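A.B. asks: Sharing run-v7.txt, compact mmCIF, C-alpha atoms:
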# COMPACT_ATOMS: atom_id res chain seq x y z
CA MET I 15 0.00 0.00 0.00
CA ILE I 16 1.00 3.61 -0.53
CA LYS I 17 2.01 5.37 2.70
CA VAL I 18 0.42 8.80 3.10
CA GLY I 19 1.39 11.44 5.65
CA MET I 20 -0.53 14.56 6.59
CA VAL I 21 0.79 17.89 7.85
CA SER I 22 -2.13 20.15 8.79
CA LEU I 23 -1.33 23.75 9.63
CA GLY I 24 -3.39 26.56 11.12
CA CYS I 25 -6.66 26.28 12.98
CA SER I 26 -8.74 23.44 14.36
CA LYS I 27 -11.24 23.87 11.52
CA ASN I 28 -8.44 23.07 9.09
CA GLN I 29 -7.62 19.99 11.15
CA VAL I 30 -11.17 18.72 10.65
CA ASP I 31 -10.77 19.17 6.87
CA ALA I 32 -7.49 17.24 7.02
CA GLU I 33 -9.14 14.37 8.85
CA ARG I 34 -11.89 14.21 6.25
CA LEU I 35 -9.30 14.22 3.46
CA LEU I 36 -7.56 11.21 4.98
CA ALA I 37 -10.87 9.36 5.27
CA LEU I 38 -11.37 9.78 1.50
CA LEU I 39 -8.32 7.61 0.78
CA PRO I 40 -9.39 3.96 0.19
CA LYS I 41 -7.95 1.79 2.98
CA GLY I 42 -6.91 -1.09 0.76
CA GLU I 43 -4.85 1.22 -1.42
CA PHE I 44 -3.48 3.84 0.99
CA ALA I 45 -2.10 3.59 4.51
CA VAL I 46 -2.04 6.68 6.72
CA CYS I 47 1.34 7.03 8.43
CA SER I 48 2.07 9.25 11.45
CA ASP I 49 5.60 10.10 10.23
CA PRO I 50 5.37 12.11 6.99
CA GLY I 51 9.13 11.77 6.50
CA GLN I 52 8.68 8.03 5.89
CA CYS I 53 5.88 8.33 3.34
CA GLN I 54 5.64 8.16 -0.43
CA VAL I 55 2.87 10.79 -0.41
CA VAL I 56 2.66 13.85 1.82
CA ILE I 57 -0.35 16.16 1.99
CA VAL I 58 0.33 19.66 3.29
CA ASN I 59 -2.98 21.16 4.38
CA THR I 60 -2.05 24.85 4.42
CA CYS I 61 -3.21 27.95 6.28
CA GLY I 62 -3.48 31.30 4.52
CA PHE I 63 -5.03 33.49 7.20
CA ILE I 64 -2.23 35.93 8.10
CA GLU I 65 1.31 36.55 6.88
CA ASP I 66 3.06 34.44 9.54
CA ALA I 67 0.76 31.49 8.82
CA LYS I 68 1.32 31.81 5.07
CA GLN I 69 5.08 31.80 5.58
CA GLU I 70 4.87 28.70 7.77
CA SER I 71 2.87 26.97 5.04
CA ILE I 72 5.40 27.90 2.35
CA ASP I 73 8.33 26.80 4.50
CA THR I 74 6.65 23.45 5.15
CA ILE I 75 5.96 22.91 1.45
CA LEU I 76 9.57 23.71 0.58
CA GLU I 77 10.82 21.36 3.30
CA PHE I 78 9.00 18.44 1.72
CA ALA I 79 9.93 19.60 -1.77
CA ALA I 80 13.57 19.18 -0.73
CA LEU I 81 12.77 15.74 0.66
CA LYS I 82 11.65 14.66 -2.80
CA GLU I 83 15.21 15.15 -4.00
CA ARG I 84 16.82 12.93 -1.37
CA GLY I 85 14.15 10.61 0.02
CA ASP I 86 11.35 8.25 -0.87
CA LEU I 87 8.76 10.96 -1.27
CA ARG I 88 7.13 10.59 -4.67
CA CYS I 89 4.13 12.90 -4.47
CA LEU I 90 3.71 16.25 -2.73
CA VAL I 91 0.11 17.44 -2.37
CA VAL I 92 -0.75 21.02 -1.40
CA THR I 93 -4.29 21.84 -0.35
CA GLY I 94 -6.09 24.05 2.16
CA CYS I 95 -6.45 27.82 2.43
CA LEU I 96 -3.15 28.81 0.81
CA ALA I 97 -3.82 26.57 -2.19
CA GLN I 98 -7.31 28.01 -2.51
CA ARG I 99 -6.17 31.62 -2.26
CA TYR I 100 -2.90 31.55 -4.24
CA ARG I 101 -3.49 28.77 -6.74
CA GLU I 102 -1.66 30.31 -9.70
CA GLU I 103 1.30 31.50 -7.62
CA LEU I 104 1.78 28.13 -5.94
CA ALA I 105 1.54 26.24 -9.20
CA ARG I 106 4.07 28.56 -10.83
CA GLU I 107 6.54 29.13 -8.00
CA ILE I 108 6.66 25.62 -6.52
CA PRO I 109 6.85 23.15 -9.41
CA GLU I 110 7.79 20.40 -6.92
CA ALA I 111 4.13 20.37 -5.82
CA ASP I 112 2.69 17.45 -7.79
CA VAL I 113 -0.89 18.24 -6.77
CA VAL I 114 -2.36 21.66 -5.95
CA LEU I 115 -5.94 21.12 -4.83
CA GLY I 116 -8.47 23.84 -4.00
CA ILE I 117 -10.83 23.16 -1.10
CA GLY I 118 -13.74 22.73 -3.51
CA ARG I 119 -11.97 19.70 -4.98
CA ASN I 120 -11.03 17.96 -1.72
CA GLY I 121 -13.33 15.11 -2.69
CA GLU I 122 -10.98 14.28 -5.60
CA ILE I 123 -7.93 13.71 -3.40
CA ALA I 124 -7.55 9.98 -4.12
CA ALA I 125 -7.87 10.36 -7.89
CA ALA I 126 -5.45 13.31 -7.86
CA ILE I 127 -2.79 11.29 -6.02
CA ARG I 128 -3.18 8.33 -8.37
CA ASN I 129 -2.82 10.67 -11.36
CA ALA I 130 0.29 12.29 -9.90
CA LEU I 131 1.92 8.95 -9.13
CA GLU I 132 1.56 8.13 -12.82
CA GLY I 133 3.70 11.18 -13.62
CA ASN I 134 1.06 13.83 -14.22
CA ARG I 135 0.83 17.18 -12.48
CA VAL I 136 -2.64 17.86 -11.10
CA LEU I 137 -4.03 21.37 -10.60
CA ALA I 138 -7.70 21.13 -9.60
CA PHE I 139 -9.94 23.96 -8.42
CA GLY I 140 -13.63 24.56 -8.19
CA PRO I 141 -16.19 26.61 -6.29
CA LYS I 142 -15.24 26.80 -2.60
CA GLU I 143 -18.90 26.13 -1.80
CA ASP I 144 -18.35 22.58 -3.11
CA LEU I 145 -16.38 21.72 0.03
CA SER I 146 -18.45 19.08 1.80
CA LEU I 147 -19.60 19.86 5.34
CA GLU I 148 -19.80 16.20 6.33
CA GLY I 149 -18.03 12.89 5.90
CA ASP I 150 -16.00 10.30 7.77
CA ARG I 151 -12.81 11.34 9.54
CA VAL I 152 -9.47 9.77 10.39
CA LEU I 153 -8.95 11.31 13.82
CA THR I 154 -5.45 12.74 14.19
CA GLY I 155 -5.79 14.20 17.69
CA PRO I 156 -5.87 12.45 21.06
CA PRO I 157 -8.38 9.58 21.28
CA TYR I 158 -10.50 11.35 23.89
CA SER I 159 -11.00 14.83 22.34
CA ALA I 160 -12.21 16.06 18.96
CA TYR I 161 -13.34 19.19 17.18
CA VAL I 162 -16.74 19.27 15.51
CA LYS I 163 -17.12 21.90 12.81
CA VAL I 164 -20.71 23.17 12.85
CA ALA I 165 -20.40 25.52 9.88
CA GLU I 166 -18.09 26.61 7.06
CA GLY I 167 -17.11 30.06 5.86
CA CYS I 168 -18.00 33.47 7.25
CA SER I 169 -20.37 36.31 6.35
CA ASN I 170 -19.20 38.92 8.85
CA ARG I 171 -16.91 40.68 6.34
CA CYS I 172 -14.46 42.12 8.87
CA SER I 173 -12.36 44.57 6.89
CA TYR I 174 -9.02 42.94 7.80
CA CYS I 175 -10.01 39.33 7.14
CA ALA I 176 -9.64 37.21 4.01
CA ILE I 177 -11.64 34.22 5.26
CA PRO I 178 -14.77 34.98 3.15
CA LEU I 179 -12.52 35.22 0.08
CA ILE I 180 -11.00 31.84 0.85
CA ARG I 181 -13.89 29.95 2.40
CA GLY I 182 -17.01 31.70 1.13
CA ASP I 183 -20.13 32.75 3.00
CA PHE I 184 -21.27 31.17 6.24
CA ARG I 185 -22.92 27.77 5.73
CA SER I 186 -24.41 25.90 8.69
CA ARG I 187 -24.53 22.12 8.80
CA PRO I 188 -27.96 20.61 9.45
CA LEU I 189 -28.41 20.00 13.17
CA GLU I 190 -29.13 16.30 12.82
CA ASN I 191 -26.01 15.87 10.69
CA ILE I 192 -23.90 17.35 13.49
CA LEU I 193 -25.56 15.12 16.06
CA GLU I 194 -24.85 12.04 13.95
CA GLU I 195 -21.18 12.95 13.95
CA VAL I 196 -21.13 13.55 17.71
CA ARG I 197 -22.77 10.16 18.32
CA SER I 198 -20.19 8.53 16.04
CA LEU I 199 -17.35 10.24 17.91
CA ALA I 200 -18.77 9.15 21.26
CA ALA I 201 -18.93 5.57 20.01
CA ARG I 202 -15.22 5.84 19.15
CA GLY I 203 -14.34 6.92 22.69
CA ILE I 204 -14.34 10.70 22.34
CA LYS I 205 -15.19 12.35 25.66
CA GLU I 206 -14.60 16.03 24.89
CA VAL I 207 -16.34 17.72 21.96
CA ASN I 208 -15.21 21.20 20.90
CA LEU I 209 -17.80 22.98 18.75
CA VAL I 210 -16.09 25.26 16.23
CA ALA I 211 -16.86 27.52 13.29
CA GLN I 212 -15.58 30.87 12.12
CA ASP I 213 -18.52 32.33 14.08
CA THR I 214 -20.15 29.56 16.10
CA SER I 215 -22.73 31.93 17.58
CA ARG I 216 -24.19 32.48 14.09
CA TYR I 217 -25.02 28.79 13.75
CA GLY I 218 -28.39 28.07 12.16
CA LEU I 219 -29.27 31.57 10.94
CA ASP I 220 -28.81 30.70 7.27
CA LEU I 221 -30.59 27.33 7.48
CA TYR I 222 -33.36 27.98 9.96
CA GLY I 223 -33.72 31.77 10.06
CA ALA I 224 -32.76 31.90 13.73
CA TYR I 225 -29.76 31.32 15.98
CA ARG I 226 -29.82 27.63 16.89
CA LEU I 227 -26.61 27.27 18.91
CA PRO I 228 -28.50 26.97 22.24
CA GLU I 229 -30.61 24.12 20.87
CA LEU I 230 -27.51 22.47 19.41
CA ILE I 231 -25.81 22.67 22.80
CA HIS I 232 -28.74 20.97 24.56
CA GLN I 233 -28.87 18.17 22.00
CA VAL I 234 -25.11 17.56 21.94
CA CYS I 235 -25.13 17.36 25.74
CA ALA I 236 -27.80 14.66 25.50
CA VAL I 237 -25.43 12.33 23.62
CA GLU I 238 -24.37 9.48 25.89
CA GLY I 239 -20.62 9.15 26.41
CA ILE I 240 -19.78 12.82 25.92
CA HIS I 241 -18.43 14.31 29.15
CA TRP I 242 -17.34 17.83 28.15
CA VAL I 243 -18.78 20.18 25.52
CA ARG I 244 -16.77 23.31 24.76
CA ILE I 245 -17.93 26.35 22.75
CA LEU I 246 -15.32 28.19 20.66
CA TYR I 247 -15.32 31.40 18.58
CA CYS I 248 -18.53 33.29 19.38
CA TYR I 249 -19.10 36.78 18.02
CA PRO I 250 -19.63 39.12 21.02
CA ASP I 251 -22.76 40.76 19.58
CA ARG I 252 -24.46 37.35 19.34
CA ILE I 253 -24.08 36.37 22.98
CA THR I 254 -27.80 36.12 23.67
CA GLY I 255 -29.54 35.48 26.95
CA GLU I 256 -30.71 32.14 25.55
CA LEU I 257 -27.11 31.12 24.81
CA ILE I 258 -25.97 32.12 28.30
CA ALA I 259 -28.85 30.20 29.86
CA ALA I 260 -28.08 27.07 27.81
CA MET I 261 -24.42 27.12 28.84
CA ALA I 262 -25.32 27.65 32.49
CA ALA I 263 -27.95 24.91 32.55
CA GLU I 264 -26.01 22.07 30.98
CA PRO I 265 -23.58 20.30 33.37
CA LYS I 266 -21.58 18.91 30.44
CA VAL I 267 -20.83 22.35 29.03
CA CYS I 268 -17.43 23.66 30.06
CA LYS I 269 -18.05 27.07 31.58
CA TYR I 270 -15.71 28.57 29.00
CA ILE I 271 -16.34 30.71 25.96
CA ASP I 272 -14.07 32.20 23.32
CA ILE I 273 -15.27 35.64 22.14
CA PRO I 274 -12.72 37.36 19.85
CA VAL I 275 -13.37 41.05 20.58
CA GLN I 276 -10.44 42.33 18.46
CA HIS I 277 -10.28 45.86 19.88
CA GLY I 278 -11.52 48.30 22.52
CA SER I 279 -11.86 51.46 20.44
CA GLY I 280 -15.28 52.06 18.95
CA LYS I 281 -13.71 53.93 16.03
CA VAL I 282 -11.33 51.09 15.22
CA LEU I 283 -14.09 48.50 15.59
CA ARG I 284 -16.26 50.41 13.11
CA GLU I 285 -13.36 50.56 10.67
CA MET I 286 -12.93 46.81 11.18
CA ASN I 287 -16.61 46.50 10.15
CA ARG I 288 -17.44 45.19 13.61
CA GLN I 289 -20.05 46.35 16.09
CA GLY I 290 -19.80 47.87 19.54
CA ASP I 291 -17.18 49.57 21.64
CA ARG I 292 -15.41 49.11 24.97
CA ARG I 293 -18.61 49.71 26.93
CA SER I 294 -20.67 47.17 24.98
CA ILE I 295 -17.90 44.56 25.22
CA LEU I 296 -17.68 45.07 28.98
CA ASP I 297 -21.46 44.60 29.12
CA VAL I 298 -21.13 41.23 27.35
CA VAL I 299 -18.42 40.22 29.82
CA ARG I 300 -20.62 41.26 32.73
CA ARG I 301 -23.64 39.33 31.43
CA LEU I 302 -21.54 36.21 30.92
CA ARG I 303 -20.07 36.34 34.40
CA GLU I 304 -23.41 37.03 36.03
CA GLY I 305 -25.23 34.34 34.05
CA ILE I 306 -22.53 31.64 34.20
CA PRO I 307 -20.80 31.67 37.60
CA GLY I 308 -17.10 30.86 37.28
CA VAL I 309 -17.09 31.24 33.49
CA ALA I 310 -13.67 31.50 31.84
CA ILE I 311 -13.66 34.03 29.01
CA ARG I 312 -11.00 33.83 26.31
CA THR I 313 -10.48 36.53 23.70
CA THR I 314 -8.16 37.62 20.93
CA MET I 315 -7.21 41.15 19.96
CA ILE I 316 -5.47 42.93 17.10
CA ALA I 317 -2.98 45.73 17.74
CA GLY I 318 -1.73 48.11 15.08
CA PHE I 319 -4.77 48.26 12.82
CA PRO I 320 -4.39 50.92 10.06
CA GLY I 321 -4.87 54.39 11.47
CA GLU I 322 -4.80 53.19 15.09
CA THR I 323 -3.88 56.27 17.13
CA GLU I 324 -2.34 56.44 20.59
CA GLU I 325 -5.83 57.21 21.90
CA ASP I 326 -7.26 54.14 20.15
CA PHE I 327 -4.53 51.96 21.60
CA ALA I 328 -5.21 53.41 25.05
CA GLU I 329 -8.84 52.26 24.63
CA LEU I 330 -7.58 48.76 23.90
CA GLN I 331 -5.38 48.84 27.00
CA ALA I 332 -8.31 50.10 29.07
CA LEU I 333 -10.46 47.19 27.89
CA VAL I 334 -7.77 44.71 28.93
CA ALA I 335 -7.52 46.37 32.35
CA ASP I 336 -11.28 46.55 32.92
CA ALA I 337 -12.42 43.20 31.52
CA LYS I 338 -9.68 41.06 33.10
CA PHE I 339 -10.15 38.30 30.56
CA ASP I 340 -9.23 34.85 31.85
CA ARG I 341 -7.35 34.00 28.66
CA LEU I 342 -6.09 36.49 26.07
CA GLY I 343 -3.99 36.50 22.92
CA CYS I 344 -3.00 39.64 21.04
CA PHE I 345 -1.71 39.64 17.47
CA ALA I 346 -0.02 42.35 15.47
CA TYR I 347 -2.23 43.41 12.56
CA SER I 348 -1.38 41.56 9.35
CA GLN I 349 -1.91 43.49 6.11
CA GLU I 350 -3.83 41.15 3.82
CA GLU I 351 -4.21 41.83 0.14
CA ASP I 352 -7.71 42.04 -1.35
CA THR I 353 -9.15 43.23 1.95
CA PRO I 354 -10.46 46.77 2.61
CA ALA I 355 -8.06 47.29 5.50
CA GLY I 356 -5.14 45.98 3.48
CA GLU I 357 -5.73 48.63 0.81
CA ARG I 358 -5.64 51.56 3.23
CA GLU I 359 -2.74 53.98 2.94
CA ASP I 360 -2.44 54.64 6.68
CA GLN I 361 -0.71 51.35 7.52
CA LEU I 362 1.35 51.47 10.71
CA PRO I 363 5.00 50.33 10.66
CA GLU I 364 5.29 46.62 11.37
CA GLU I 365 7.66 47.28 14.25
CA LEU I 366 5.04 49.49 15.94
CA ARG I 367 2.30 46.90 15.39
CA ARG I 368 4.38 44.17 17.02
CA HIS I 369 5.44 46.49 19.84
CA ARG I 370 1.84 47.30 20.69
CA ALA I 371 0.87 43.62 20.60
CA ASP I 372 3.74 42.88 22.98
CA LEU I 373 2.57 45.66 25.30
CA ILE I 374 -0.90 44.11 25.50
CA MET I 375 0.55 40.69 26.35
CA GLU I 376 2.77 42.27 29.00
CA GLN I 377 -0.28 43.98 30.46
CA GLN I 378 -2.22 40.71 30.51
CA ALA I 379 0.54 38.72 32.28
CA PRO I 380 -0.17 39.92 35.86
CA ILE I 381 -3.92 39.66 35.25
CA ALA I 382 -3.51 36.03 34.17
CA PHE I 383 -1.28 35.27 37.16
CA ALA I 384 -3.79 36.79 39.56
CA ILE I 385 -6.55 34.66 38.01
CA ALA I 386 -4.33 31.58 38.34
CA GLN I 387 -3.62 32.42 42.00
CA SER I 388 -7.35 32.73 42.67
CA GLN I 389 -7.75 29.05 41.77
CA VAL I 390 -5.44 27.89 44.59
CA GLY I 391 -7.43 25.86 47.09
CA ARG I 392 -10.09 24.80 44.59
CA THR I 393 -10.67 21.19 43.60
CA MET I 394 -11.15 21.04 39.84
CA GLU I 395 -11.89 18.28 37.36
CA VAL I 396 -8.88 17.75 35.09
CA LEU I 397 -8.82 15.90 31.78
CA VAL I 398 -5.56 13.93 31.85
CA GLU I 399 -3.41 14.35 28.74
CA GLY I 400 -0.12 12.68 29.70
CA LYS I 401 2.77 12.36 32.13
CA LYS I 402 6.11 14.16 32.24
CA GLY I 403 8.67 13.11 34.78
CA GLY I 404 6.85 12.36 37.99
CA GLN I 405 3.87 14.57 37.22
CA TYR I 406 0.72 14.18 35.22
CA TYR I 407 -0.64 17.05 33.20
CA GLY I 408 -3.98 17.94 31.68
CA ARG I 409 -6.60 20.64 31.32
CA CYS I 410 -9.39 21.97 33.50
CA TYR I 411 -12.61 23.47 32.16
CA MET I 412 -10.82 26.83 31.73
CA ASP I 413 -8.43 25.48 29.10
CA ALA I 414 -9.18 24.64 25.47
CA PRO I 415 -6.92 22.13 23.71
CA ASP I 416 -3.74 23.40 22.06
CA ILE I 417 -4.15 27.08 22.96
CA ASP I 418 -4.53 27.45 26.72
CA THR I 419 -2.64 26.48 29.87
CA LYS I 420 -2.11 23.20 31.74
CA VAL I 421 -2.65 21.72 35.18
CA PHE I 422 0.32 19.72 36.48
CA PHE I 423 -0.43 17.34 39.34
CA THR I 424 0.76 14.36 41.32
CA SER I 425 -1.34 11.27 41.94
CA ARG I 426 -0.93 8.23 44.21
CA THR I 427 -2.89 6.15 41.72
CA GLN I 428 -2.19 5.65 38.06
CA CYS I 429 -3.93 8.01 35.63
CA ARG I 430 -4.44 7.45 31.93
CA PRO I 431 -4.89 9.97 29.12
CA GLY I 432 -8.60 10.62 28.80
CA ASP I 433 -9.35 10.14 32.51
CA PHE I 434 -11.16 12.87 34.42
CA VAL I 435 -9.50 13.35 37.80
CA PRO I 436 -10.37 15.69 40.70
CA VAL I 437 -7.29 17.79 41.47
CA ARG I 438 -6.81 20.15 44.39
CA ILE I 439 -4.92 23.22 43.17
CA THR I 440 -1.94 24.01 45.43
CA ALA I 441 0.03 26.60 43.43
CA ALA I 442 -0.04 28.99 40.48
CA LEU I 443 2.91 28.65 38.07
CA GLU I 444 2.67 32.00 36.28
CA TYR I 445 0.10 30.77 33.74
CA ASP I 446 -0.19 27.05 34.56
CA LEU I 447 -1.53 25.46 37.74
CA ALA I 448 -0.09 22.79 40.03
CA GLY I 449 -1.94 20.43 42.32
CA GLU I 450 -2.52 16.95 43.61
CA ALA I 451 -5.18 14.37 42.78
CA VAL I 452 -7.70 13.78 45.56
CA GLU I 453 -10.53 11.42 46.30
CA GLY I 454 -14.09 12.59 45.95
CA GLY I 455 -15.70 15.27 43.85
CA THR I 456 -14.89 18.79 42.73
CA ASP I 457 -15.99 22.19 44.00
Starting from the file, give its structure as structure tokens.

C.D. replies:
Amino acid sequence: MIKVGMVSLGCSKNQVDAERLLALLPKGEFAVCSDPGQCQVVIVNTCGFIEDAKQESIDTILEFAALKERGDLRCLVVTGCLAQRYREELAREIPEADVVLGIGRNGEIAAAIRNALEGNRVLAFGPKEDLSLEGDRVLTGPPYSAYVKVAEGCSNRCSYCAIPLIRGDFRSRPLENILEEVRSLAARGIKEVNLVAQDTSRYGLDLYGAYRLPELIHQVCAVEGIHWVRILYCYPDRITGELIAAMAAEPKVCKYIDIPVQHGSGKVLREMNRQGDRRSILDVVRRLREGIPGVAIRTTMIAGFPGETEEDFAELQALVADAKFDRLGCFAYSQEEDTPAGEREDQLPEELRRHRADLIMEQQAPIAFAIAQSQVGRTMEVLVEGKKGGQYYGRCYMDAPDIDTKVFFTSRTQCRPGDFVPVRITAALEYDLAGEAVEGGTD
């Protein structure tokens, strides 16, 4: 059989696409291998969101292109966002790529590889709306946690973002289709389900004429075998009372929500084609904390947007100080071609953008440490991920996979990845927590 390796870059939504791509390869003909360096075929599922991600994708493609010259690699496949967005450039500048596949042609992956192995170069593109929203998956993450993509694309049209150009308008999956996938994942041993989309809070509006995320949450929580349900990437203006009530009512829902607010200046937010200002964002934070006791709120922000003045940046700093987000990431603005913000003439110097992003992260550091210290003395349920040295490590409800912090703990009894263990928190380690496993329940 032909050994196939996958390198998936970028976000969790891209990871889901990668897993569906692998499931499209007939098992009797292809064998998925965990070490791409030992494969005859490598698929690079690229990210094209911001400049740093694009560069990582190009570097990865070139790394495997070099491997073709000195190893057993016979076929290099490039797909994903970068392939969709820069199809002509990739085909022209990287001739070592045997297959360049747009996301609308992901369903042709097996035929494209066969064609390339016969010596033909394959360049296949089609409407991005042809990307299927369902299908089997070869899970590439831990055997106890998985992402479930509830929609594709985005219709928000933020002025700095190229996602609608790459992925098209927002398209919800039918509710029953999502539930079928969750049941299938539960049957395979998945215990944590992470609901994702570019704007999860918009789920259902295009299909049903109303926001259906609260109903989806209730029905996912009803699936036997699922222990944790986590909600990622909700637009702050769509945090409804019904959504807050659903999260508060369901014991399986991690009291955690990711709401990318992007900025604190009303002027900058308007120029980003987003709604609200610092006051309205603080109101959302207040409603979440009042409606969901103990909720952990994660956000992302952009510093250095075109035309961002010192006063605008001060508004962003004030939001960080006032909101005291539990988890925060700040990125320097990335100038993206074919976007309204990218065409503006008042771009800030890159050095200033990065400096301001660093200042926000420095401001957040003591806030995050204070929040970590406030957890000392609590007993929290921890999802075990592994062991390092004499300590186990995992995540509590406040930590999403791959992006947030860890809980390190000792245990007198053996723990296995995927176990849920009550841990008494004994210390804050800057961002991470330390503790010891205990008998009994959690706080």

A.B. asks: Report, in Å with one decimal, the straight-line distance from CA of Cys172 (chain I) to CA of Glu350 (chain I).

C.D. replies: 11.8 Å

A.B. asks: Mind listing whatever residues come within 8 Å of the point (-19.2, 33.0, 20.1)? Use only C-alpha atoms, file coordinates, and give them as a PDB file with C-alpha atoms, keeping the file's coordinate frame.

C.D. replies:
ATOM      1  CA  ASP I 213     -18.520  32.330  14.080  1.00  0.00           C
ATOM      2  CA  THR I 214     -20.150  29.560  16.100  1.00  0.00           C
ATOM      3  CA  SER I 215     -22.730  31.930  17.580  1.00  0.00           C
ATOM      4  CA  ARG I 216     -24.190  32.480  14.090  1.00  0.00           C
ATOM      5  CA  ILE I 245     -17.930  26.350  22.750  1.00  0.00           C
ATOM      6  CA  LEU I 246     -15.320  28.190  20.660  1.00  0.00           C
ATOM      7  CA  TYR I 247     -15.320  31.400  18.580  1.00  0.00           C
ATOM      8  CA  CYS I 248     -18.530  33.290  19.380  1.00  0.00           C
ATOM      9  CA  TYR I 249     -19.100  36.780  18.020  1.00  0.00           C
ATOM     10  CA  PRO I 250     -19.630  39.120  21.020  1.00  0.00           C
ATOM     11  CA  ARG I 252     -24.460  37.350  19.340  1.00  0.00           C
ATOM     12  CA  ILE I 253     -24.080  36.370  22.980  1.00  0.00           C
ATOM     13  CA  ILE I 271     -16.340  30.710  25.960  1.00  0.00           C
ATOM     14  CA  ASP I 272     -14.070  32.200  23.320  1.00  0.00           C
ATOM     15  CA  ILE I 273     -15.270  35.640  22.140  1.00  0.00           C
ATOM     16  CA  PRO I 274     -12.720  37.360  19.850  1.00  0.00           C
TER      17      PRO I 274
END

A.B. asks: Report the closest atom pair, with its distance in Å rounded to one decimal, for each residue of region 94-213 of chain I that has an atom no farther than 10 Å from region 399-408 of chain I; count only C-alpha atoms, sort by chain and then rising residue number, and write it as CSV.

C.D. replies:
residue,atom,partner,partner_atom,distance
I:Pro156,CA,I:Glu399,CA,8.3
I:Tyr158,CA,I:Glu399,CA,9.1
I:Ser159,CA,I:Glu399,CA,9.9

A.B. asks: May I have a table of the residues of region 386-451 of chain I lying at most 12 Å from region 222-244 of chain I, giving each one's closest pair of atoms and their distance in Å to one decimal, counting only C-alpha atoms, ordered by chain and ascending residue number, as JSON lines?

C.D. replies:
{"residue": "I:Glu395", "atom": "CA", "partner": "I:Trp242", "partner_atom": "CA", "distance": 10.7}
{"residue": "I:Val396", "atom": "CA", "partner": "I:Trp242", "partner_atom": "CA", "distance": 10.9}
{"residue": "I:Leu397", "atom": "CA", "partner": "I:Trp242", "partner_atom": "CA", "distance": 9.5}
{"residue": "I:Arg409", "atom": "CA", "partner": "I:Trp242", "partner_atom": "CA", "distance": 11.5}
{"residue": "I:Cys410", "atom": "CA", "partner": "I:Trp242", "partner_atom": "CA", "distance": 10.4}
{"residue": "I:Tyr411", "atom": "CA", "partner": "I:Trp242", "partner_atom": "CA", "distance": 8.4}
{"residue": "I:Met412", "atom": "CA", "partner": "I:Arg244", "partner_atom": "CA", "distance": 9.8}
{"residue": "I:Asp413", "atom": "CA", "partner": "I:Arg244", "partner_atom": "CA", "distance": 9.6}
{"residue": "I:Ala414", "atom": "CA", "partner": "I:Arg244", "partner_atom": "CA", "distance": 7.7}
{"residue": "I:Pro415", "atom": "CA", "partner": "I:Arg244", "partner_atom": "CA", "distance": 10.0}
{"residue": "I:Gly432", "atom": "CA", "partner": "I:His241", "partner_atom": "CA", "distance": 10.5}
{"residue": "I:Asp433", "atom": "CA", "partner": "I:His241", "partner_atom": "CA", "distance": 10.5}
{"residue": "I:Phe434", "atom": "CA", "partner": "I:His241", "partner_atom": "CA", "distance": 9.1}

A.B. asks: Counting only C-alpha atoms, which residues have an atom no more than 10 Å from (0.3, 45.2, 22.8) in the file's coordinates? Please list them as a PyMOL selection string.

C.D. replies: chain I and resi 315-318+327+330-331+343-346+366-378

A.B. asks: Can you work out which one of I:Leu81, I:Ala201, I:Ile417, I:Leu443 has the shortest atom-to-atom distance to Gly24 (chain I), counting all atoms listed in the file?

C.D. replies: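 Among the listed residues, I:Ile417 lies closest to Gly24 (chain I).
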
A.B. asks: From the set I:Gly455, I:Leu189, I:Asp220, I:Asp112, which residue has the shortest atom-to-atom contact distance to Gly133 (chain I), counting only C-alpha atoms?

C.D. replies: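 Between I:Gly455, I:Leu189, I:Asp220, I:Asp112, the residue approaching Gly133 (chain I) most closely is I:Asp112.
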
A.B. asks: For each of I:Gly94, I:Gly118, I:Pro307, I:Gly19, take the minimum atom-to-atom distance to Ser146 (chain I), counting only C-alpha atoms, then give the residue where this is smallest.

C.D. replies: I:Gly118

A.B. asks: By how many Å are CA of Arg135 (chain I) and CA of Glu107 (chain I) apart?

C.D. replies: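 Computing it gives 14.0 Å between the two atoms.
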